[in-house]
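One file, data.tsv, carrying TSV, C-alpha atoms:
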chain	number	residue	atom	x	y	z
A	1	MET	CA	17.90	-6.00	-37.85
A	2	ALA	CA	14.55	-4.53	-38.94
A	3	GLU	CA	13.25	-5.55	-35.53
A	4	SER	CA	16.03	-3.75	-33.69
A	5	LEU	CA	15.77	-0.66	-35.87
A	6	SER	CA	12.10	-0.36	-35.02
A	7	GLN	CA	13.05	-0.13	-31.35
A	8	ARG	CA	15.20	2.99	-31.82
A	9	GLY	CA	12.43	5.21	-30.54
A	10	ALA	CA	12.51	3.35	-27.23
A	11	PHE	CA	14.85	4.73	-24.56
A	12	ALA	CA	15.76	2.64	-21.54
A	13	VAL	CA	16.75	4.82	-18.58
A	14	VAL	CA	19.20	3.08	-16.26
A	15	PRO	CA	19.89	5.00	-13.04
A	16	CYS	CA	22.97	3.79	-11.24
A	17	PHE	CA	24.88	4.64	-8.11
A	18	ASN	CA	28.12	2.83	-7.27
A	19	GLU	CA	26.98	-0.25	-9.16
A	20	GLY	CA	30.27	-1.33	-10.70
A	21	ALA	CA	30.70	-3.85	-13.48
A	22	VAL	CA	27.13	-5.17	-13.37
A	23	VAL	CA	25.98	-2.00	-15.15
A	24	ARG	CA	27.90	-3.13	-18.18
A	25	GLU	CA	26.04	-6.45	-18.29
A	26	THR	CA	22.72	-4.66	-17.91
A	27	VAL	CA	23.57	-2.19	-20.68
A	28	LEU	CA	24.74	-4.93	-23.04
A	29	GLY	CA	21.49	-6.80	-22.51
A	30	LEU	CA	19.50	-3.69	-23.38
A	31	LEU	CA	21.62	-2.86	-26.43
A	32	ALA	CA	20.98	-6.39	-27.69
A	33	GLU	CA	17.26	-5.53	-27.68
A	34	GLY	CA	17.97	-2.63	-30.01
A	35	VAL	CA	16.77	0.11	-27.67
A	36	GLN	CA	18.67	3.29	-26.89
A	37	VAL	CA	20.23	3.24	-23.45
A	38	VAL	CA	20.47	6.26	-21.15
A	39	VAL	CA	22.80	5.61	-18.23
A	40	VAL	CA	22.35	8.15	-15.44
A	41	ASP	CA	25.27	8.00	-13.05
A	42	ASP	CA	23.96	9.42	-9.80
A	43	GLY	CA	27.30	10.72	-8.56
A	44	SER	CA	29.05	7.37	-8.21
A	45	GLU	CA	32.53	7.39	-6.73
A	46	ARG	CA	33.83	5.58	-9.76
A	47	PRO	CA	32.15	7.28	-12.72
A	48	ALA	CA	29.95	5.00	-14.82
A	49	ALA	CA	31.82	6.40	-17.84
A	50	GLU	CA	34.78	4.21	-16.82
A	51	ILE	CA	32.57	1.14	-16.85
A	52	CYS	CA	30.52	1.63	-19.99
A	53	GLY	CA	32.04	4.68	-21.69
A	54	ASP	CA	33.09	2.56	-24.67
A	55	LEU	CA	29.53	1.40	-25.36
A	56	PRO	CA	27.10	3.25	-27.64
A	57	VAL	CA	25.01	4.65	-24.79
A	58	HIS	CA	23.89	8.08	-23.68
A	59	LEU	CA	25.82	8.98	-20.56
A	60	LEU	CA	24.73	11.50	-17.96
A	61	ARG	CA	26.22	12.20	-14.60
A	62	HIS	CA	24.92	13.96	-11.51
A	63	ARG	CA	27.76	15.88	-9.90
A	64	VAL	CA	26.33	15.02	-6.50
A	65	ASN	CA	24.29	12.02	-5.40
A	66	LEU	CA	20.58	12.85	-5.39
A	67	GLY	CA	18.81	9.51	-5.24
A	68	GLN	CA	17.23	7.04	-7.63
A	69	GLY	CA	14.07	9.04	-8.23
A	70	ALA	CA	16.05	12.11	-9.26
A	71	ALA	CA	18.32	10.07	-11.52
A	72	LEU	CA	15.31	8.51	-13.24
A	73	GLN	CA	13.75	11.90	-13.86
A	74	THR	CA	17.00	13.25	-15.30
A	75	GLY	CA	17.15	10.30	-17.69
A	76	ILE	CA	13.49	10.76	-18.62
A	77	ASP	CA	14.06	14.46	-19.36
A	78	TYR	CA	17.02	13.56	-21.54
A	79	ALA	CA	15.11	10.85	-23.42
A	80	LEU	CA	12.18	13.17	-24.06
A	81	ARG	CA	14.48	15.91	-25.36
A	82	ALA	CA	16.10	13.34	-27.62
A	83	GLY	CA	12.68	12.57	-29.09
A	84	ALA	CA	11.89	9.28	-27.35
A	85	GLU	CA	8.59	7.63	-28.32
A	86	PHE	CA	8.77	5.27	-25.36
A	87	VAL	CA	10.62	5.52	-22.06
A	88	ILE	CA	11.51	2.43	-20.05
A	89	HIS	CA	12.70	2.46	-16.43
A	90	PHE	CA	15.26	-0.28	-15.94
A	91	ASP	CA	17.27	-1.11	-12.82
A	92	ALA	CA	21.04	-1.23	-13.23
A	93	ASP	CA	21.73	-4.05	-10.78
A	94	GLY	CA	20.99	-6.89	-13.20
A	95	GLN	CA	17.70	-7.97	-11.64
A	96	HIS	CA	15.64	-7.41	-14.78
A	97	ASP	CA	15.68	-9.40	-17.98
A	98	ALA	CA	16.06	-7.12	-21.01
A	99	THR	CA	13.95	-9.44	-23.15
A	100	ALA	CA	10.95	-8.33	-21.07
A	101	LEU	CA	11.11	-5.08	-23.05
A	102	ARG	CA	9.64	-6.82	-26.08
A	103	GLU	CA	6.29	-7.44	-24.43
A	104	ILE	CA	6.25	-4.03	-22.76
A	105	LEU	CA	6.96	-2.23	-26.03
A	106	THR	CA	4.42	-4.33	-27.93
A	107	LEU	CA	1.78	-3.35	-25.39
A	108	LEU	CA	2.72	0.33	-25.56
A	109	ARG	CA	2.75	0.31	-29.36
A	110	SER	CA	-0.68	-1.30	-29.45
A	111	GLY	CA	-2.07	1.96	-28.12
A	112	THR	CA	-4.28	0.27	-25.54
A	113	VAL	CA	-2.24	1.43	-22.55
A	114	ASP	CA	0.00	4.40	-21.71
A	115	VAL	CA	1.95	2.81	-18.89
A	116	VAL	CA	3.10	-0.77	-18.38
A	117	LEU	CA	4.27	-1.82	-14.93
A	118	GLY	CA	6.35	-4.92	-14.28
A	119	SER	CA	5.12	-7.27	-11.57
A	120	ARG	CA	6.84	-10.24	-10.00
A	121	PHE	CA	3.59	-11.42	-8.40
A	122	LEU	CA	1.48	-12.23	-11.45
A	123	ASP	CA	3.18	-15.49	-12.27
A	124	PRO	CA	3.57	-18.02	-9.42
A	125	VAL	CA	6.95	-19.05	-10.80
A	126	HIS	CA	8.19	-15.47	-10.50
A	127	THR	CA	6.65	-15.07	-7.06
A	128	ARG	CA	8.56	-18.06	-5.73
A	129	ALA	CA	11.81	-16.46	-6.89
A	130	VAL	CA	11.27	-13.62	-4.40
A	131	PRO	CA	12.85	-14.20	-0.98
A	132	ARG	CA	10.26	-14.58	1.75
A	133	ALA	CA	11.27	-11.50	3.79
A	134	LYS	CA	11.17	-9.44	0.60
A	135	ARG	CA	7.67	-10.70	-0.15
A	136	VAL	CA	6.41	-9.50	3.23
A	137	ALA	CA	8.03	-6.08	2.76
A	138	LEU	CA	6.63	-5.75	-0.73
A	139	ARG	CA	3.12	-6.63	0.46
A	140	GLY	CA	3.52	-3.73	2.88
A	141	GLY	CA	4.56	-1.53	-0.03
A	142	ILE	CA	1.43	-2.56	-1.92
A	143	ALA	CA	-0.76	-1.52	1.00
A	144	VAL	CA	1.05	1.81	1.46
A	145	SER	CA	0.88	2.59	-2.24
A	146	TRP	CA	-2.81	1.82	-2.24
A	147	LEU	CA	-3.33	4.21	0.67
A	148	PHE	CA	-1.44	6.97	-1.13
A	149	SER	CA	-2.51	6.48	-4.71
A	150	GLY	CA	-5.67	4.40	-4.58
A	151	LEU	CA	-4.21	2.03	-7.17
A	152	TRP	CA	-4.36	-1.62	-6.19
A	153	LEU	CA	-1.47	-3.31	-7.94
A	154	THR	CA	0.20	-6.63	-7.36
A	155	ASP	CA	3.73	-5.17	-7.23
A	156	THR	CA	4.34	-1.53	-6.49
A	157	HIS	CA	8.10	-1.48	-6.09
A	158	ASN	CA	9.20	-2.99	-9.35
A	159	GLY	CA	11.85	-0.96	-11.15
A	160	LEU	CA	10.75	-2.11	-14.61
A	161	ARG	CA	8.17	0.22	-16.14
A	162	GLY	CA	7.30	1.42	-19.61
A	163	PHE	CA	5.78	4.76	-20.62
A	164	THR	CA	4.57	6.25	-23.86
A	165	ARG	CA	6.05	9.66	-24.62
A	166	ALA	CA	2.84	11.42	-23.54
A	167	ALA	CA	2.68	9.48	-20.27
A	168	ALA	CA	6.36	10.11	-19.53
A	169	GLN	CA	5.74	13.82	-19.99
A	170	ARG	CA	2.83	13.83	-17.59
A	171	VAL	CA	4.24	11.67	-14.81
A	172	ARG	CA	6.87	13.74	-13.02
A	173	LEU	CA	9.03	12.58	-10.13
A	174	THR	CA	9.85	15.02	-7.37
A	175	GLU	CA	10.80	12.39	-4.78
A	176	ASP	CA	14.54	12.21	-5.15
A	177	GLY	CA	14.99	9.04	-3.13
A	178	PHE	CA	13.22	5.67	-3.20
A	179	GLY	CA	9.85	7.25	-2.41
A	180	HIS	CA	9.46	7.70	-6.16
A	181	ALA	CA	8.02	4.19	-6.55
A	182	THR	CA	4.91	5.20	-4.65
A	183	GLU	CA	4.97	8.67	-6.15
A	184	ILE	CA	4.87	7.27	-9.68
A	185	LEU	CA	1.61	5.47	-8.88
A	186	ASP	CA	0.20	8.62	-7.37
A	187	GLU	CA	1.14	10.50	-10.53
A	188	ILE	CA	-0.37	7.79	-12.73
A	189	ARG	CA	-3.67	8.21	-10.95
A	190	ARG	CA	-3.49	12.00	-11.07
A	191	ALA	CA	-2.62	12.05	-14.77
A	192	GLY	CA	-5.42	9.61	-15.51
A	193	VAL	CA	-3.28	7.52	-17.87
A	194	ARG	CA	-4.19	3.94	-18.76
A	195	TYR	CA	-1.95	1.36	-17.16
A	196	CYS	CA	-1.55	-2.37	-16.91
A	197	GLU	CA	0.79	-4.86	-15.26
A	198	VAL	CA	2.87	-7.51	-16.98
A	199	PRO	CA	4.56	-10.46	-15.29
A	200	VAL	CA	8.33	-10.08	-15.09
A	201	LEU	CA	10.97	-12.17	-13.43
A	202	VAL	CA	13.20	-10.43	-10.92
A	203	ARG	CA	16.51	-12.16	-10.41
A	204	TYR	CA	17.88	-12.06	-6.90
A	205	SER	CA	21.61	-12.40	-7.08
A	206	ASP	CA	23.71	-11.84	-3.96
A	207	TYR	CA	24.68	-8.56	-5.55
A	208	SER	CA	21.17	-7.23	-6.10
A	209	ARG	CA	20.22	-8.43	-2.64
A	210	SER	CA	23.01	-6.41	-1.07
A	211	LYS	CA	22.08	-3.36	-3.14
A	212	GLY	CA	18.35	-3.70	-2.64
A	213	GLN	CA	16.29	-1.77	-0.17
A	214	ARG	CA	16.28	-3.06	3.33
A	215	LEU	CA	13.18	-3.39	5.47
A	216	SER	CA	14.23	-0.52	7.73
A	217	ASN	CA	14.69	1.60	4.64
A	218	GLY	CA	11.11	0.80	3.71
A	219	LEU	CA	9.96	2.37	6.95
A	220	ASN	CA	12.04	5.45	6.17
A	221	ILE	CA	10.38	5.74	2.79
A	222	LEU	CA	7.00	5.63	4.48
A	223	ILE	CA	7.90	8.38	6.92
A	224	ASP	CA	9.28	10.46	4.07
A	225	LEU	CA	6.10	10.08	2.06
A	226	VAL	CA	3.91	11.09	4.99
A	227	LEU	CA	6.08	14.10	5.87
A	228	ARG	CA	6.30	15.26	2.29
A	229	ARG	CA	2.59	14.99	1.84
A	230	LEU	CA	2.08	17.24	4.84
A	231	ILE	CA	4.85	19.66	3.86
A	232	PRO	CA	4.95	20.27	0.13
B	1	MET	CA	17.56	40.57	40.98
B	2	THR	CA	19.11	37.11	41.28
B	3	LYS	CA	22.19	35.86	39.44
B	4	ILE	CA	20.19	33.54	37.20
B	5	GLN	CA	18.11	36.48	36.05
B	6	PHE	CA	21.25	38.32	34.95
B	7	LEU	CA	22.43	35.27	33.10
B	8	LEU	CA	19.09	34.73	31.40
B	9	ILE	CA	18.72	38.37	30.39
B	10	ALA	CA	22.24	38.31	28.96
B	11	GLY	CA	21.30	35.15	27.07
B	12	VAL	CA	18.08	36.65	25.70
B	13	ILE	CA	19.88	39.78	24.52
B	14	GLY	CA	22.68	37.71	23.00
B	15	LEU	CA	20.17	35.57	21.10
B	16	GLY	CA	18.36	38.70	19.98
B	17	ALA	CA	21.58	40.22	18.65
B	18	LEU	CA	22.47	37.05	16.72
B	19	ALA	CA	18.94	36.70	15.39
B	20	SER	CA	18.79	40.31	14.22
B	21	ALA	CA	21.87	39.66	12.14
B	22	LEU	CA	20.19	36.63	10.52
B	23	VAL	CA	16.61	37.76	10.22
B	24	GLY	CA	17.15	40.15	7.34
B	25	THR	CA	15.67	43.58	6.76
B	26	ARG	CA	11.95	42.90	6.60
B	27	LEU	CA	10.10	45.15	9.02
B	28	VAL	CA	7.65	42.45	10.17
B	29	TYR	CA	10.46	40.15	11.21
B	30	ARG	CA	12.35	42.95	12.94
B	31	LEU	CA	9.29	44.04	14.93
B	32	ALA	CA	8.47	40.42	15.87
B	33	LEU	CA	12.03	39.93	17.03
B	34	MET	CA	12.00	43.11	19.09
B	35	GLY	CA	8.69	42.05	20.63
B	36	LEU	CA	10.08	38.64	21.58
B	37	LEU	CA	13.18	40.26	23.04
B	38	VAL	CA	11.17	42.63	25.23
B	39	LEU	CA	8.83	39.81	26.27
B	40	GLY	CA	11.78	37.60	27.19
B	41	VAL	CA	13.45	40.24	29.34
B	42	PHE	CA	10.11	41.08	30.95
B	43	LEU	CA	9.29	37.48	31.85
B	44	VAL	CA	12.75	36.89	33.30
B	45	SER	CA	12.48	40.08	35.37
B	46	PHE	CA	9.01	39.29	36.69
B	47	PRO	CA	8.79	35.49	36.91
B	48	ASP	CA	5.55	35.63	38.93
B	49	VAL	CA	3.73	36.89	35.87
B	50	THR	CA	4.13	33.56	34.08
B	51	THR	CA	2.80	31.71	37.11
B	52	GLU	CA	-0.27	33.93	37.21
B	53	VAL	CA	-0.89	33.42	33.50
B	54	ALA	CA	-0.41	29.67	34.01
B	55	ARG	CA	-2.99	29.63	36.81
B	56	VAL	CA	-5.51	31.42	34.60
B	57	LEU	CA	-4.93	28.81	31.89
B	58	GLY	CA	-5.22	25.93	34.34
B	59	VAL	CA	-1.53	25.02	34.44
B	60	GLY	CA	0.09	24.61	37.85
B	61	ARG	CA	3.37	26.48	37.45
B	62	GLY	CA	4.75	29.16	35.16
B	63	THR	CA	7.69	26.90	34.35
B	64	ASP	CA	5.34	24.21	33.06
B	65	LEU	CA	3.49	26.72	30.90
B	66	LEU	CA	6.77	27.84	29.34
B	67	LEU	CA	7.76	24.21	28.77
B	68	TYR	CA	4.50	23.45	26.96
B	69	LEU	CA	4.70	26.58	24.83
B	70	GLY	CA	8.35	25.82	24.13
B	71	ILE	CA	7.50	22.34	22.83
B	72	VAL	CA	4.84	23.72	20.49
B	73	ALA	CA	7.16	26.46	19.27
B	74	GLY	CA	9.93	23.91	18.77
B	75	GLY	CA	7.60	21.78	16.67
B	76	PHE	CA	6.74	24.69	14.41
B	77	ALA	CA	10.38	25.67	14.14
B	78	PHE	CA	11.25	22.11	13.09
B	79	LEU	CA	8.56	22.02	10.41
B	80	LEU	CA	9.51	25.42	9.01
B	81	LEU	CA	13.15	24.36	8.82
B	82	TYR	CA	12.16	21.05	7.23
B	83	ALA	CA	10.13	22.87	4.59
B	84	ARG	CA	13.07	25.12	3.89
B	85	VAL	CA	15.45	22.17	3.57
B	86	ARG	CA	13.01	20.62	1.11
B	87	ARG	CA	13.03	23.76	-1.02
B	88	VAL	CA	16.81	23.88	-1.02
B	89	GLU	CA	16.97	20.17	-1.92
B	90	ARG	CA	14.65	20.77	-4.82
B	91	LYS	CA	16.85	23.57	-6.11
B	92	VAL	CA	19.95	21.40	-5.84
B	93	THR	CA	18.14	18.67	-7.77
B	94	LEU	CA	17.15	21.06	-10.55
B	95	LEU	CA	20.67	22.49	-10.81
B	96	THR	CA	22.34	19.10	-10.79
B	97	ARG	CA	19.89	17.82	-13.39
B	98	GLU	CA	20.40	20.78	-15.67
B	99	LEU	CA	24.17	20.36	-15.42
B	100	ALA	CA	23.89	16.64	-16.17
B	101	LEU	CA	21.71	17.33	-19.22
B	102	ARG	CA	24.14	19.95	-20.55
B	103	GLU	CA	27.13	17.68	-20.10
B	104	ALA	CA	25.40	14.58	-21.47
B	105	ARG	CA	27.41	12.46	-23.83
B	106	GLY	CA	25.47	11.10	-26.79
B	107	THR	CA	25.81	7.65	-28.36
B	108	GLU	CA	27.94	8.86	-31.24
B	109	GLU	CA	30.68	10.01	-28.87
B	110	ALA	CA	31.36	6.54	-27.49
B	111	LEU	CA	35.04	5.73	-27.36
Would you write the structure of this file as structure tokens?
Amino acid sequence: MAESLSQRGAFAVVPCFNEGAVVRETVLGLLAEGVQVVVVDDGSERPAAEICGDLPVHLLRHRVNLGQGAALQTGIDYALRAGAEFVIHFDADGQHDATALREILTLLRSGTVDVVLGSRFLDPVHTRAVPRAKRVALRGGIAVSWLFSGLWLTDTHNGLRGFTRAAAQRVRLTEDGFGHATEILDEIRRAGVRYCEVPVLVRYSDYSRSKGQRLSNGLNILIDLVLRRLIP
Amino acid sequence: MTKIQFLLIAGVIGLGALASALVGTRLVYRLALMGLLVLGVFLVSFPDVTTEVARVLGVGRGTDLLLYLGIVAGGFAFLLLYARVRRVERKVTLLTRELALREARGTEEAL
């Protein structure tokens, strides 16, 4: 219990859009780790409040759908106002393992880094769990992110990230859609915060596969990023 | 004056009337709009002028010159509109976020 109490300053932000029952599993996993959970319902047709309204979580809802980046930023703003010491980004679709928070929070508490990024390509076992087509697309994402941010990371589109309060305040997301993954890296470089990667397993269920970004969507993200860089 | 010229002049004036209703009250915009209107009517009335200008610029026909200029203008128009859509999107995001933060339900209110 002492362990879980010490995690109260950590807020996990879970953006969700039409996710359904899987959100509940994700939230339960996080609550078991003793962190505070901020569910940001990005205008789902069936409000997330119906799915996890009975759980001790912070619930926010966008009246209209804005995109994952916008939902994350809303949750971050909320967590910071609520006095969060650490802010974790956590995907709702059940692909992350909540126990990974322990290592991330230990690293953040150690004071050696400001941002911890999850990577599924640091451990060969985790890498093999990624479907081949996904691997190719993600390698593309790595190259694009490097072009835009100058950060060479092993996995740029991993939804699991940890921030200290100061880092969460400095890294701001203006890309409402999925372009935020690259934008975050750009912001990390601009803010000059210390970062590191930790190996995390990403589980590919049929559900998360169907919800995940498609290759064609990846191209859209790229075009968006280029256009938005040209037109602020 | 040919029939097409009547049609085109009517079209230019119609566009000008609609645009003047949308463009607002800033003098610069109004003057620019008036200028465009006069230019449009002038070019339709004296189509040889565009051909002469085209020749000077090294383009074969006046029609081609107008096409090229039209493409460039269209490109700018697209970008300006895109920038405006971006600004509007940003405002919607801020409003929606603020509303979500105000209506947030804390942990103690769980059912």
Note to self: Within 8 Å of chain B, which residues belong to chain A? Use only C-alpha atoms and report them as a count of residues only.
What the structure shows: 20
Next item on the list: Counting all atoms listed in the file, select every polymer residue within 10 Å of (14.9, 39.9, 15.7) as defined in the file's coordinates, and provide the selection as a ChimeraX atom specification.
Entry: /B:15-25,27-37
Margin query: When you count only C-alpha atoms, which of these residues is closest to Gln7 (chain A): A:Val37, A:Leu117, A:Val198, A:Leu222?
Written below: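 Of A:Val37, A:Leu117, A:Val198, A:Leu222, the one nearest Gln7 (chain A), counting only C-alpha atoms, is A:Val37.
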Next item on the list: Find, counting only C-alpha atoms, the residue in A:Arg46, A:His126, A:His157, A:His89 that gets nearest to Thr182 (chain A).
Entry: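 Ranked by minimum distance to Thr182 (chain A), first place goes to A:His157.
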Next item on the list: Counting all atoms listed in the file, find the residues whose atoms lie at most 12 Å from (1.6, 32.5, 27.4) (file coordinates) and write them out as a VMD selection string.
Entry: chain B and resid 36 39 to 40 43 49 to 59 61 to 70 72 to 73
Take every atom of region 72-90 of chain B listed in the file, fit an axis-aligned box around them, add 5 Å per side, and give the centre and edge lengths in Å to one decimal as AutoDock Vina command-line options.
--center_x 10.9 --center_y 23.3 --center_z 7.8 --size_x 22.1 --size_y 16.3 --size_z 35.3
Notebook entry, point to check: When you draw a straight line from CA of Leu230 (chain A) to CA of Leu72 (chain A), how long is it in Å?
Noted result: 24.0 Å
Next item on the list: Would you kindly return, as an NGL selection string, each protein, DNA or RNA residue with an atom no farther than 10 Å from any atom of Ala82 (chain A), considering only C-alpha atoms and excluding same-chain residues fewer than 6 positions away?
Entry: (:A and (9 or 11 or 76)) or (:B and (106))
Next item on the list: Pick out the closest residue to His96 (chain A) from this set: A:Leu219, A:Ala10, A:Leu138, A:Val27. Count all atoms listed in the file.
Entry: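 Using all atoms listed in the file, His96 (chain A) sits closest to A:Val27.
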